[in-house]
Structures are given as C-alpha cells and as structure tokens.
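Containing CSV, C-alpha atoms: model-v1.csv.
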```csv
chain,number,residue,atom,x,y,z
A,19,MET,CA,26.7,4.0,-18.6
A,20,PRO,CA,25.8,5.5,-22.0
A,21,LEU,CA,23.7,3.6,-24.5
A,22,PHE,CA,24.8,3.4,-28.2
A,23,GLU,CA,22.9,2.4,-31.2
A,24,ILE,CA,24.8,0.3,-33.8
A,25,SER,CA,24.3,1.4,-37.4
A,26,SER,CA,26.7,0.1,-40.1
A,27,GLN,CA,29.5,-0.4,-37.6
A,28,THR,CA,29.0,3.2,-36.3
A,29,LEU,CA,28.0,3.9,-32.7
A,30,LYS,CA,25.4,6.6,-32.2
A,31,PRO,CA,24.8,7.8,-28.6
A,32,VAL,CA,21.1,7.4,-27.6
A,33,GLU,CA,20.0,10.3,-25.5
A,34,GLN,CA,18.2,9.9,-22.2
A,35,THR,CA,14.8,11.3,-21.5
A,36,ASN,CA,12.1,10.9,-18.8
A,37,PHE,CA,8.4,10.4,-18.5
A,38,ASN,CA,6.3,13.5,-18.6
A,39,ILE,CA,4.3,12.3,-15.6
A,40,GLU,CA,5.0,9.7,-12.9
A,41,LYS,CA,1.7,7.9,-13.8
A,42,SER,CA,3.2,6.9,-17.2
A,43,LEU,CA,6.0,5.0,-15.5
A,44,GLN,CA,3.5,3.3,-13.2
A,45,ASN,CA,1.2,2.3,-16.1
A,46,LEU,CA,4.1,0.9,-18.1
A,47,ILE,CA,5.3,-1.3,-15.2
A,48,GLU,CA,1.8,-2.4,-14.2
A,49,GLU,CA,1.0,-3.4,-17.8
A,50,ASN,CA,4.2,-5.5,-17.9
A,51,LEU,CA,4.4,-6.9,-14.4
A,52,GLY,CA,4.7,-10.4,-15.7
A,53,VAL,CA,7.6,-9.6,-18.0
A,54,VAL,CA,9.6,-7.4,-15.5
A,55,PHE,CA,9.0,-9.0,-12.1
A,56,ASN,CA,6.9,-12.1,-12.9
A,57,CYS,CA,4.1,-10.8,-10.7
A,58,ARG,CA,0.3,-10.7,-11.1
A,59,PHE,CA,-1.5,-7.4,-10.9
A,60,ILE,CA,-3.8,-6.9,-7.9
A,61,ALA,CA,-4.6,-3.2,-7.7
A,62,SER,CA,-3.5,0.3,-8.6
A,63,GLU,CA,-3.7,3.4,-6.2
A,64,PHE,CA,-5.0,1.1,-3.5
A,65,PRO,CA,-6.4,3.2,-0.6
A,66,THR,CA,-5.1,2.5,2.9
A,67,GLY,CA,-8.1,3.9,4.8
A,68,THR,CA,-9.1,7.1,6.5
A,69,MET,CA,-6.6,6.7,9.4
A,70,HIS,CA,-3.5,6.0,7.2
A,71,ALA,CA,-4.8,8.3,4.4
A,72,GLY,CA,-2.5,6.9,1.8
A,73,ARG,CA,-2.6,5.2,-1.6
A,74,ILE,CA,-0.3,2.3,-2.5
A,75,ASP,CA,0.8,2.8,-6.1
A,76,THR,CA,0.8,-0.9,-7.1
A,77,LEU,CA,-0.2,-4.0,-5.3
A,78,ALA,CA,0.8,-7.3,-6.8
A,79,LEU,CA,1.3,-11.0,-6.0
A,80,SER,CA,4.7,-12.6,-6.7
A,81,GLU,CA,5.2,-15.9,-8.6
A,82,GLU,CA,5.5,-17.5,-5.1
A,83,ASN,CA,2.2,-15.9,-3.9
A,84,ASN,CA,4.0,-13.3,-1.7
A,85,PRO,CA,2.5,-9.8,-1.4
A,86,VAL,CA,4.3,-7.1,-3.5
A,87,ILE,CA,4.2,-3.3,-3.0
A,88,ILE,CA,5.6,-1.1,-5.7
A,89,GLU,CA,6.2,2.6,-5.4
A,90,TYR,CA,7.4,5.0,-8.1
A,91,LYS,CA,9.0,8.4,-8.5
A,92,LYS,CA,10.2,10.1,-11.7
A,93,VAL,CA,12.7,12.2,-9.7
A,94,GLU,CA,15.1,11.5,-6.9
A,95,SER,CA,13.2,11.6,-3.6
A,96,SER,CA,13.8,10.3,-0.1
A,97,GLU,CA,10.0,10.4,0.3
A,98,LEU,CA,9.7,7.3,-1.9
A,99,ILE,CA,11.6,5.1,0.7
A,100,ASN,CA,9.6,6.6,3.6
A,101,GLN,CA,6.3,5.9,1.9
A,102,SER,CA,7.3,2.3,1.1
A,103,LEU,CA,8.3,1.6,4.7
A,104,TYR,CA,5.0,3.1,5.8
A,105,TYR,CA,3.0,0.9,3.5
A,106,LEU,CA,5.1,-2.2,4.5
A,107,SER,CA,4.0,-1.6,8.1
A,108,TRP,CA,0.4,-1.0,6.9
A,109,ILE,CA,0.1,-4.3,5.0
A,110,TYR,CA,1.3,-6.3,8.0
A,111,ASP,CA,-1.6,-4.9,10.0
A,112,HIS,CA,-4.1,-5.3,7.2
A,113,LYS,CA,-3.5,-8.8,5.8
A,114,GLY,CA,-7.3,-9.4,5.5
A,115,ASP,CA,-7.7,-6.3,3.2
A,116,PHE,CA,-5.0,-7.5,0.9
A,117,GLU,CA,-6.3,-11.1,0.8
A,118,ILE,CA,-9.8,-9.8,-0.1
A,119,GLN,CA,-8.3,-7.7,-2.9
A,120,VAL,CA,-6.3,-10.8,-4.2
A,121,GLN,CA,-9.6,-12.8,-4.3
A,122,LYS,CA,-11.3,-10.1,-6.3
A,123,ALA,CA,-8.4,-9.9,-8.8
A,124,LEU,CA,-7.4,-13.6,-9.1
A,125,GLY,CA,-10.2,-15.7,-7.6
A,126,ASN,CA,-10.9,-17.4,-4.3
A,127,ASN,CA,-8.4,-20.3,-4.9
A,128,VAL,CA,-5.3,-18.2,-4.6
A,129,LYS,CA,-3.7,-18.5,-1.1
A,130,VAL,CA,-1.4,-15.6,-0.1
A,131,ASP,CA,2.0,-16.7,1.4
A,132,TRP,CA,2.9,-14.2,4.2
A,133,SER,CA,6.4,-15.6,4.8
A,134,ASP,CA,7.8,-12.8,2.6
A,135,ILE,CA,6.8,-9.4,1.3
A,136,ARG,CA,8.5,-7.7,-1.6
A,137,VAL,CA,8.7,-4.0,-1.5
A,138,ILE,CA,10.0,-2.5,-4.7
A,139,CYS,CA,11.0,1.2,-5.2
A,140,ILE,CA,11.6,2.5,-8.7
A,141,ALA,CA,13.2,5.9,-9.3
A,142,PRO,CA,15.9,7.4,-11.6
A,143,ASN,CA,18.3,7.7,-8.7
A,144,TYR,CA,18.8,7.6,-4.9
A,145,GLN,CA,20.9,9.7,-2.5
A,146,LYS,CA,23.8,7.9,-0.9
A,147,TYR,CA,22.2,8.7,2.5
A,148,ASP,CA,19.0,6.8,1.5
A,149,LEU,CA,21.0,3.7,0.5
A,150,HIS,CA,22.9,3.8,3.7
A,151,ALA,CA,19.7,4.3,5.8
A,152,VAL,CA,18.0,1.3,4.2
A,153,GLN,CA,21.0,-0.9,4.8
A,154,VAL,CA,21.3,0.2,8.4
A,155,MET,CA,17.6,-0.4,9.1
A,156,GLY,CA,17.8,-3.8,7.5
A,157,ALA,CA,14.4,-3.0,5.8
A,158,ASN,CA,12.8,-5.5,3.4
A,159,ILE,CA,13.1,-3.2,0.4
A,160,GLU,CA,14.5,-3.4,-3.1
A,161,LEU,CA,15.8,-0.2,-4.7
A,162,TRP,CA,15.6,-0.1,-8.5
A,163,THR,CA,16.7,2.7,-10.8
A,164,TYR,CA,15.5,3.2,-14.3
A,165,ARG,CA,16.8,5.0,-17.4
A,166,LEU,CA,14.4,6.0,-20.2
A,167,PHE,CA,16.0,6.6,-23.7
A,168,ASP,CA,14.5,8.4,-26.6
A,169,ASN,CA,14.6,5.2,-28.8
A,170,SER,CA,11.7,3.8,-26.6
A,171,THR,CA,14.1,1.8,-24.5
A,172,ILE,CA,14.0,1.5,-20.7
A,173,TYR,CA,16.8,0.1,-18.6
A,174,LEU,CA,16.0,-1.2,-15.0
A,175,GLU,CA,18.8,-2.0,-12.5
A,176,GLU,CA,18.6,-3.1,-8.9
A,177,VAL,CA,21.0,-0.9,-6.9
A,178,LEU,CA,20.1,-2.3,-3.5
A,179,GLN,CA,18.7,-5.8,-2.8
A,180,LYS,CA,16.3,-6.3,0.0
A,181,SER,CA,17.7,-7.4,3.3
A,182,TYR,CA,17.3,-11.1,3.6
A,183,GLN,CA,19.4,-12.1,6.6
A,184,PRO,CA,18.3,-15.2,8.5
A,185,SER,CA,17.2,-14.8,12.1
A,186,GLN,CA,19.2,-17.3,14.2
A,187,LYS,CA,20.2,-17.7,17.8
A,188,LYS,CA,22.4,-20.0,19.7
A,189,PHE,CA,20.8,-22.3,22.2
A,190,LYS,CA,22.8,-25.0,24.1
A,191,GLY,CA,25.5,-25.0,21.5
A,192,LYS,CA,23.1,-25.5,18.6
A,193,GLU,CA,21.6,-23.2,16.0
A,194,GLN,CA,17.8,-22.9,16.1
A,195,LEU,CA,15.6,-21.4,13.6
A,196,ILE,CA,13.2,-18.8,15.1
A,197,ILE,CA,9.8,-17.6,13.9
A,198,SER,CA,10.0,-14.1,12.4
A,199,ALA,CA,6.3,-13.5,12.3
A,200,ASP,CA,3.4,-13.5,14.7
A,201,LYS,CA,2.8,-17.1,15.8
A,202,LYS,CA,-1.0,-16.5,15.5
A,203,ASP,CA,-0.6,-16.2,11.8
A,204,THR,CA,-2.0,-19.2,10.0
A,205,ASN,CA,1.1,-19.3,7.9
A,206,ALA,CA,3.5,-19.0,10.8
A,207,GLY,CA,5.0,-22.4,10.1
A,208,ASP,CA,6.2,-21.0,6.7
A,209,ALA,CA,7.6,-17.7,8.3
A,210,VAL,CA,10.9,-19.2,9.3
A,211,SER,CA,14.2,-17.6,8.2
A,212,TYR,CA,15.9,-20.4,6.2
A,213,THR,CA,19.5,-20.5,5.0
A,214,PHE,CA,21.5,-22.3,2.4
A,215,GLU,CA,23.2,-24.2,5.3
A,216,TYR,CA,19.7,-25.3,6.6
A,217,HIS,CA,19.1,-27.1,3.3
A,218,LEU,CA,22.5,-28.9,3.6
A,219,ARG,CA,21.8,-30.4,7.0
A,220,GLY,CA,21.8,-34.2,7.0
A,221,LYS,CA,22.9,-34.4,3.4
A,222,PRO,CA,25.9,-36.6,2.4
A,223,GLU,CA,29.1,-34.9,1.5
A,224,HIS,CA,28.8,-35.8,-2.2
A,225,THR,CA,25.5,-34.0,-2.4
A,226,LYS,CA,26.8,-31.0,-0.5
A,227,GLU,CA,29.7,-30.8,-3.0
A,228,LEU,CA,27.2,-30.7,-5.9
A,229,ALA,CA,25.1,-28.0,-4.2
A,230,PHE,CA,28.2,-25.8,-3.5
A,231,ALA,CA,29.4,-26.1,-7.1
A,232,LEU,CA,26.0,-25.1,-8.5
A,233,GLN,CA,25.7,-22.2,-6.0
A,234,GLU,CA,29.1,-20.9,-7.0
A,235,TYR,CA,28.3,-21.0,-10.7
A,236,ILE,CA,24.9,-19.4,-10.4
A,237,VAL,CA,25.8,-16.4,-8.2
A,238,GLY,CA,29.0,-16.0,-10.3
A,239,LEU,CA,26.9,-15.2,-13.4
A,240,ASP,CA,26.0,-11.7,-12.1
A,241,THR,CA,26.4,-9.8,-8.8
A,242,ALA,CA,22.8,-8.9,-9.1
A,243,ILE,CA,21.6,-12.5,-8.6
A,244,GLU,CA,20.1,-12.8,-5.2
A,245,GLU,CA,20.0,-16.1,-3.2
A,246,MET,CA,16.6,-16.6,-1.4
A,247,PRO,CA,16.4,-19.7,0.8
A,248,ARG,CA,12.8,-20.9,1.4
A,249,LYS,CA,11.2,-23.8,3.2
A,250,HIS,CA,11.5,-26.4,0.4
A,251,TYR,CA,14.0,-24.9,-2.0
A,252,ILE,CA,16.4,-22.1,-2.7
A,253,SER,CA,15.5,-19.6,-5.3
A,254,TYR,CA,18.0,-17.4,-7.3
A,255,ARG,CA,16.6,-14.3,-8.9
A,256,THR,CA,17.1,-10.8,-10.3
A,257,SER,CA,13.8,-9.2,-10.9
A,258,GLN,CA,12.2,-12.6,-10.9
A,259,ASN,CA,13.2,-16.2,-10.2
A,260,ILE,CA,15.7,-17.7,-12.6
A,261,ILE,CA,16.4,-21.1,-10.9
A,262,CYS,CA,15.1,-22.9,-7.9
A,263,MET,CA,17.4,-25.5,-6.2
A,264,GLU,CA,16.0,-28.4,-4.1
A,265,ILE,CA,18.8,-30.3,-2.2
A,266,GLN,CA,17.8,-33.9,-1.7
A,267,LYS,CA,19.7,-36.8,-0.2
A,268,GLN,CA,21.2,-38.3,-3.4
A,269,ALA,CA,20.7,-35.4,-5.9
A,270,VAL,CA,20.2,-31.7,-6.4
A,271,ILE,CA,17.1,-30.8,-8.4
A,272,LEU,CA,17.1,-27.6,-10.4
A,273,SER,CA,13.9,-26.0,-11.7
A,274,LEU,CA,14.8,-23.6,-14.5
A,275,LYS,CA,12.8,-20.8,-16.1
A,276,LEU,CA,13.0,-22.3,-19.6
A,277,ASP,CA,10.3,-23.7,-22.0
A,278,PRO,CA,11.0,-27.4,-22.1
A,279,GLU,CA,9.6,-27.5,-25.7
A,280,GLU,CA,12.5,-25.3,-26.8
A,281,ILE,CA,15.1,-27.6,-25.4
A,282,ILE,CA,16.0,-29.9,-28.3
A,283,PRO,CA,17.3,-32.4,-27.7
A,284,MET,CA,16.3,-32.8,-24.0
A,285,PRO,CA,19.4,-33.8,-22.0
A,286,ASP,CA,19.4,-37.1,-20.2
A,287,ILE,CA,19.3,-35.2,-16.8
A,288,GLY,CA,16.3,-33.1,-18.0
A,289,ARG,CA,12.5,-33.5,-17.7
A,290,ASP,CA,9.5,-31.4,-18.7
A,291,MET,CA,7.5,-30.5,-15.6
A,292,THR,CA,5.0,-28.2,-17.3
A,293,GLU,CA,2.0,-30.4,-16.3
A,294,THR,CA,3.5,-31.9,-13.1
A,295,GLY,CA,3.4,-30.4,-9.7
A,296,HIS,CA,6.8,-29.6,-8.2
A,297,TRP,CA,8.6,-27.3,-5.8
A,298,GLY,CA,9.9,-24.0,-7.0
A,299,THR,CA,9.1,-22.1,-10.2
A,300,GLY,CA,10.3,-23.2,-13.6
A,301,ASP,CA,9.2,-26.0,-16.0
A,302,LEU,CA,12.5,-27.5,-17.0
A,303,GLU,CA,13.8,-29.8,-14.3
A,304,LEU,CA,17.5,-31.0,-14.1
A,305,THR,CA,18.5,-33.8,-11.8
A,306,ILE,CA,22.1,-33.4,-10.8
A,307,LYS,CA,23.8,-36.5,-9.3
A,308,THR,CA,27.5,-36.1,-10.4
A,309,ILE,CA,30.0,-33.3,-11.1
A,310,ASP,CA,29.7,-34.1,-14.8
A,311,ASP,CA,25.9,-33.3,-14.5
A,312,VAL,CA,26.9,-29.9,-13.0
A,313,GLU,CA,28.9,-29.2,-16.2
A,314,ILE,CA,26.0,-30.2,-18.4
A,315,ALA,CA,23.6,-28.0,-16.4
A,316,LYS,CA,25.8,-24.9,-16.7
A,317,SER,CA,24.7,-24.1,-20.3
A,318,TYR,CA,21.0,-24.4,-19.3
A,319,ILE,CA,21.5,-22.2,-16.2
A,320,GLU,CA,23.1,-19.5,-18.4
A,321,LYS,CA,20.2,-19.7,-20.8
A,322,ALA,CA,17.7,-19.3,-18.0
A,323,TYR,CA,19.6,-16.3,-16.7
A,324,GLN,CA,19.6,-14.7,-20.2
A,325,LYS,CA,15.9,-15.6,-20.7
A,326,VAL,CA,14.8,-13.4,-17.8
A,327,GLY,CA,16.8,-10.5,-19.1
A,328,GLY,CA,20.2,-11.1,-17.5
```

Starting from the file, lay out its structure as structure tokens.
Amino acid sequence: MPLFEISSQTLKPVEQTNFNIEKSLQNLIEENLGVVFNCRFIASEFPTGTMHAGRIDTLALSEENNPVIIEYKKVESSELINQSLYYLSWIYDHKGDFEIQVQKALGNNVKVDWSDIRVICIAPNYQKYDLHAVQVMGANIELWTYRLFDNSTIYLEEVLQKSYQPSQKKFKGKEQLIISADKKDTNAGDAVSYTFEYHLRGKPEHTKELAFALQEYIVGLDTAIEEMPRKHYISYRTSQNIICMEIQKQAVILSLKLDPEEIIPMPDIGRDMTETGHWGTGDLELTIKTIDDVEIAKSYIEKAYQKVGG
C-alpha cells in the first residue's frame, strides 16, 4: 500500500527506498528492540561454534524471558528462513551457551524461560513458496516484512505468525496436555502447550461468558493480533504483548500495556500494578466481573492496542 504525506490537504506520495547495507537494518532494530518487539538485547553476530560455523544476527530476551532469534535480509531470500530454522535447532542444543550470554548481558538474576522461543525473520518480501513451506512445517517462526521510505519512515508488518498449535492427544475419552520439551529440562513443567479452553476449565459459566466476550473484542481489533495461551494467563500481542488475560473463578483479570499514571480518572475496575507483582505484562489491571465491566474495559483495550503501534 502506498504511503502519502499530507500537506495543506494535498497528498504527496512518499517514495520507497532501501538500506544501503543489511547491517544498517540490523543496527536499527537492535537499537530499538524495546520499542519494536519489547525485547532486551543480548548479543549481535553471536558465533555458533566451529562445528555449526554460523553467526546469529541478533540474540534477545522477550518480555516473558523467552529466547529470541532475529535474522535479517535486505532482499528477498529463501536463505533467511533456512538460516533461522538452523539456528532454532542450534539454540535448543546449546541452552547453556545462551544462558551464559544472558547473564553477561543482563545479570545473574535473570532466569530464561524455555517454554517458548521466538524466531523472527525480517525482509522486504518472501516468496509464496517460502510462506507455504513454513506453514506446512509448522515451524516456530514469525515472518515480518519491512518498507523503508525516503522520509525516514519504516513500516513493519507480520505476514506469517509463528505456529502455536497446542499438542493434545485423546486418552480414555479425555484430553490430556502433553509435554512438548525434553522432560530432563528444569523448566519442563512450564513447557506444556496450553489453550484458551484449558484456562476455562472448572470456571463457572458466567466467567466463561466474560472471557469469550473479551476474547472476541480483542482479536477483532486486528487480524494481526495473536493469541498466546501460557501457564498462568493468555497473552495477546502483535510485535509485543498488548494485553494479558487471567481467568479466575469469579472474575477475569486484564493486565494492559498502559501507564496507570496517564489514566485519569482511574476507573472503579482499574488498579495500578506498577509496584506490585502480578501475572502477565502490563501495569494497568482491570478486574472484569460483569458484562458492563467488559464494556468499560473496551476503550482501555483499544488504547493499549494503539499504544504498541496498532
């Protein structure tokens, strides 16, 4: 889609350009990881050793302490996806190397959560064959395109969300969650594939109704919003988390990516959680107990979506 600059009610097309070298794209993303993906920088051009003989463009840690691999190309190339899959395999076999690098970059108190790994590819375009191949493989990979304009504007769009399909099997007529990672892993208890339905189990119908109403509104804001069920909550994100939903017995708790100090007046269902420990990411907490509360929450949900660049 073309980009236009508005000047005195006149639209002027903004021409597309590109980076002179790939490293410029990489540097720009690395210096703005927090703004774009809400990730913390770990390493650049990280060597994968003599045997693998590769270099991961960017290593990072997500807002939920998951490993993040980012690879870049300034031209369309199937090699980008192949490299990313190669490095995804490598990091599973070299968790210790990654954790040591995290400690060097962020300190010894940061604990890596291996229940998920984000692999992000950034390129101007992808072939349809590549998109199909990633979908068929079910690879944990996000494909992002970028457009650079000559007015110093860059546009990022996710064209293929990572595969996040729960692993489930039937056993004696009941669904059982199964471990999707090596049981020897110290975090194996967190490596379960959770679903939205998992979080509804055992909850009263009234609470389920609230959860479904909120889910419908959130994902309806943008087709790019991805639902990511986790152990204690469900996150909704584009390039980063927007909202986290915790379904309790008598209420649904939302943690929104908004600054509570900017919410004036604070709604009766709201609370500032900046200095309080809580599940999920986001400092504005909304407690939803009625359908009327859902209606009140909608404006804040939309603000959170717009805040992260929706």

Exercise for review: Scan for residues within 12 Å of the point (23.3, -25.2, -18.9) in the coordinates of the file, using only C-alpha atoms, and reply as an MDAnalysis selection string.
Suggested key: chainID A and resid 232 235:236 239 261 272:276 281 284:285 287:288 302:304 306 310:324

Review point. Hey, which of A:Ile118, A:Ala151, A:Ala229, A:Met291 ends up closest to Ser96 (chain A)? Count all atoms listed in the file.
Key: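 Looking only at the distances to Ser96 (chain A), the closest residue turns out to be A:Ala151.
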
Check your understanding: From the list A:Pro142, A:Pro278, A:Gly156, A:Pro85, which residue is nearest Val120 (chain A) when using all atoms listed in the file?
Key ->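 Looking at the shortest contact to Val120 (chain A), the residue is A:Pro85.
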
**Study point:** Pick from A:Asp134, A:Asp301, A:Glu117, A:Glu23 nearest to Lys249 (chain A), counting all atoms listed in the file
**Key:**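 Ranked by minimum distance to Lys249 (chain A), first place goes to A:Asp134.
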
Exercise for review: Find the residues around Ala123 (chain A) up to 10 Å (all atoms listed in the file counted), leave out those fewer than 3 positions away in its own chain, and share them as a list in words.
Suggested key: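 Neighbouring residues, sequence-local ones excluded: Arg58, Phe59, Ile60, Ala61, Ala78, Glu117, Ile118, Gln119, Val120, Asn126 and Val128 of chain A.
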
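Computed from the coordinates, the CA of Ser42 (chain A) to CA of Lys122 (chain A) distance equals 24.9 Å.
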
Review point. Mind pulling up the distance from CA of Phe214 (chain A) to CA of Ile87 (chain A)?
Key: 26.3 Å

Check your understanding: In Å, with one decimal, what is the gap from CA of Glu63 (chain A) to CA of Asp115 (chain A)?
Key -> 14.1 Å

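Residues in contact with Gly67 (chain A) at 12 Å, where all atoms listed in the file are counted and same-chain residues fewer than 2 positions away are skipped, are listed as Glu63, Phe64, Pro65, Met69, His70, Ala71, Gly72, Arg73, Ile74, Tyr105, Trp108, Ile109, His112 and Asp115 of chain A.
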
Mind filling out region 75-106 of chain A with N, CA and C atoms and sending it as a tab-separated table (two decimals), in the coordinates of the input?
```tsv
chain	number	residue	atom	x	y	z
A	75	ASP	N	0.82	2.70	-4.67
A	75	ASP	CA	0.80	2.80	-6.10
A	75	ASP	C	0.39	1.53	-6.80
A	76	THR	N	1.09	0.43	-6.48
A	76	THR	CA	0.80	-0.90	-7.10
A	76	THR	C	0.81	-1.97	-6.08
A	77	LEU	N	-0.23	-2.77	-6.05
A	77	LEU	CA	-0.20	-4.00	-5.30
A	77	LEU	C	-0.19	-5.17	-6.26
A	78	ALA	N	0.62	-6.17	-5.95
A	78	ALA	CA	0.80	-7.30	-6.80
A	78	ALA	C	1.00	-8.57	-6.00
A	79	LEU	N	1.05	-9.71	-6.68
A	79	LEU	CA	1.30	-11.00	-6.00
A	79	LEU	C	2.48	-11.63	-6.80
A	80	SER	N	3.51	-12.06	-6.09
A	80	SER	CA	4.70	-12.60	-6.70
A	80	SER	C	4.42	-14.01	-7.28
A	81	GLU	N	5.38	-14.56	-8.00
A	81	GLU	CA	5.20	-15.90	-8.60
A	81	GLU	C	5.16	-16.95	-7.46
A	82	GLU	N	5.58	-16.58	-6.23
A	82	GLU	CA	5.50	-17.50	-5.10
A	82	GLU	C	4.37	-17.11	-4.14
A	83	ASN	N	3.44	-16.30	-4.65
A	83	ASN	CA	2.20	-15.90	-3.90
A	83	ASN	C	2.55	-14.99	-2.71
A	84	ASN	N	3.67	-14.29	-2.75
A	84	ASN	CA	4.00	-13.30	-1.70
A	84	ASN	C	3.41	-11.94	-2.10
A	85	PRO	N	2.95	-11.14	-1.13
A	85	PRO	CA	2.50	-9.80	-1.40
A	85	PRO	C	3.64	-8.94	-1.99
A	86	VAL	N	3.30	-8.03	-2.90
A	86	VAL	CA	4.30	-7.10	-3.50
A	86	VAL	C	3.74	-5.71	-3.47
A	87	ILE	N	4.54	-4.78	-2.97
A	87	ILE	CA	4.20	-3.30	-3.00
A	87	ILE	C	5.22	-2.67	-3.90
A	88	ILE	N	4.73	-1.86	-4.83
A	88	ILE	CA	5.60	-1.10	-5.70
A	88	ILE	C	5.29	0.36	-5.65
A	89	GLU	N	6.32	1.19	-5.44
A	89	GLU	CA	6.20	2.60	-5.40
A	89	GLU	C	7.11	3.27	-6.42
A	90	TYR	N	6.68	4.39	-6.99
A	90	TYR	CA	7.40	5.00	-8.10
A	90	TYR	C	7.67	6.50	-7.83
A	91	LYS	N	8.78	7.01	-8.38
A	91	LYS	CA	9.00	8.40	-8.50
A	91	LYS	C	9.80	8.70	-9.77
A	92	LYS	N	9.45	9.78	-10.45
A	92	LYS	CA	10.20	10.10	-11.70
A	92	LYS	C	11.34	11.07	-11.41
A	93	VAL	N	11.52	11.42	-10.12
A	93	VAL	CA	12.70	12.20	-9.70
A	93	VAL	C	13.24	11.62	-8.45
A	94	GLU	N	14.49	11.94	-8.15
A	94	GLU	CA	15.10	11.50	-6.90
A	94	GLU	C	14.39	12.03	-5.72
A	95	SER	N	14.01	11.15	-4.77
A	95	SER	CA	13.20	11.60	-3.60
A	95	SER	C	13.35	10.63	-2.48
A	96	SER	N	13.72	11.13	-1.29
A	96	SER	CA	13.80	10.30	-0.10
A	96	SER	C	12.35	9.90	0.35
A	97	GLU	N	11.36	10.66	-0.09
A	97	GLU	CA	10.00	10.40	0.30
A	97	GLU	C	9.54	9.00	-0.22
A	98	LEU	N	10.10	8.56	-1.33
A	98	LEU	CA	9.70	7.30	-1.90
A	98	LEU	C	10.01	6.13	-0.91
A	99	ILE	N	11.19	6.15	-0.28
A	99	ILE	CA	11.60	5.10	0.70
A	99	ILE	C	10.70	5.19	1.91
A	100	ASN	N	10.46	6.39	2.40
A	100	ASN	CA	9.60	6.60	3.60
A	100	ASN	C	8.21	6.06	3.35
A	101	GLN	N	7.66	6.37	2.19
A	101	GLN	CA	6.30	5.90	1.90
A	101	GLN	C	6.29	4.37	1.81
A	102	SER	N	7.30	3.78	1.20
A	102	SER	CA	7.30	2.30	1.10
A	102	SER	C	7.39	1.63	2.41
A	103	LEU	N	8.21	2.15	3.32
A	103	LEU	CA	8.30	1.60	4.70
A	103	LEU	C	6.97	1.74	5.40
A	104	TYR	N	6.31	2.85	5.18
A	104	TYR	CA	5.00	3.10	5.80
A	104	TYR	C	3.99	2.09	5.32
A	105	TYR	N	3.98	1.82	4.01
A	105	TYR	CA	3.00	0.90	3.50
A	105	TYR	C	3.37	-0.57	3.84
A	106	LEU	N	4.67	-0.86	4.01
A	106	LEU	CA	5.10	-2.20	4.50
A	106	LEU	C	4.49	-2.44	5.87
```
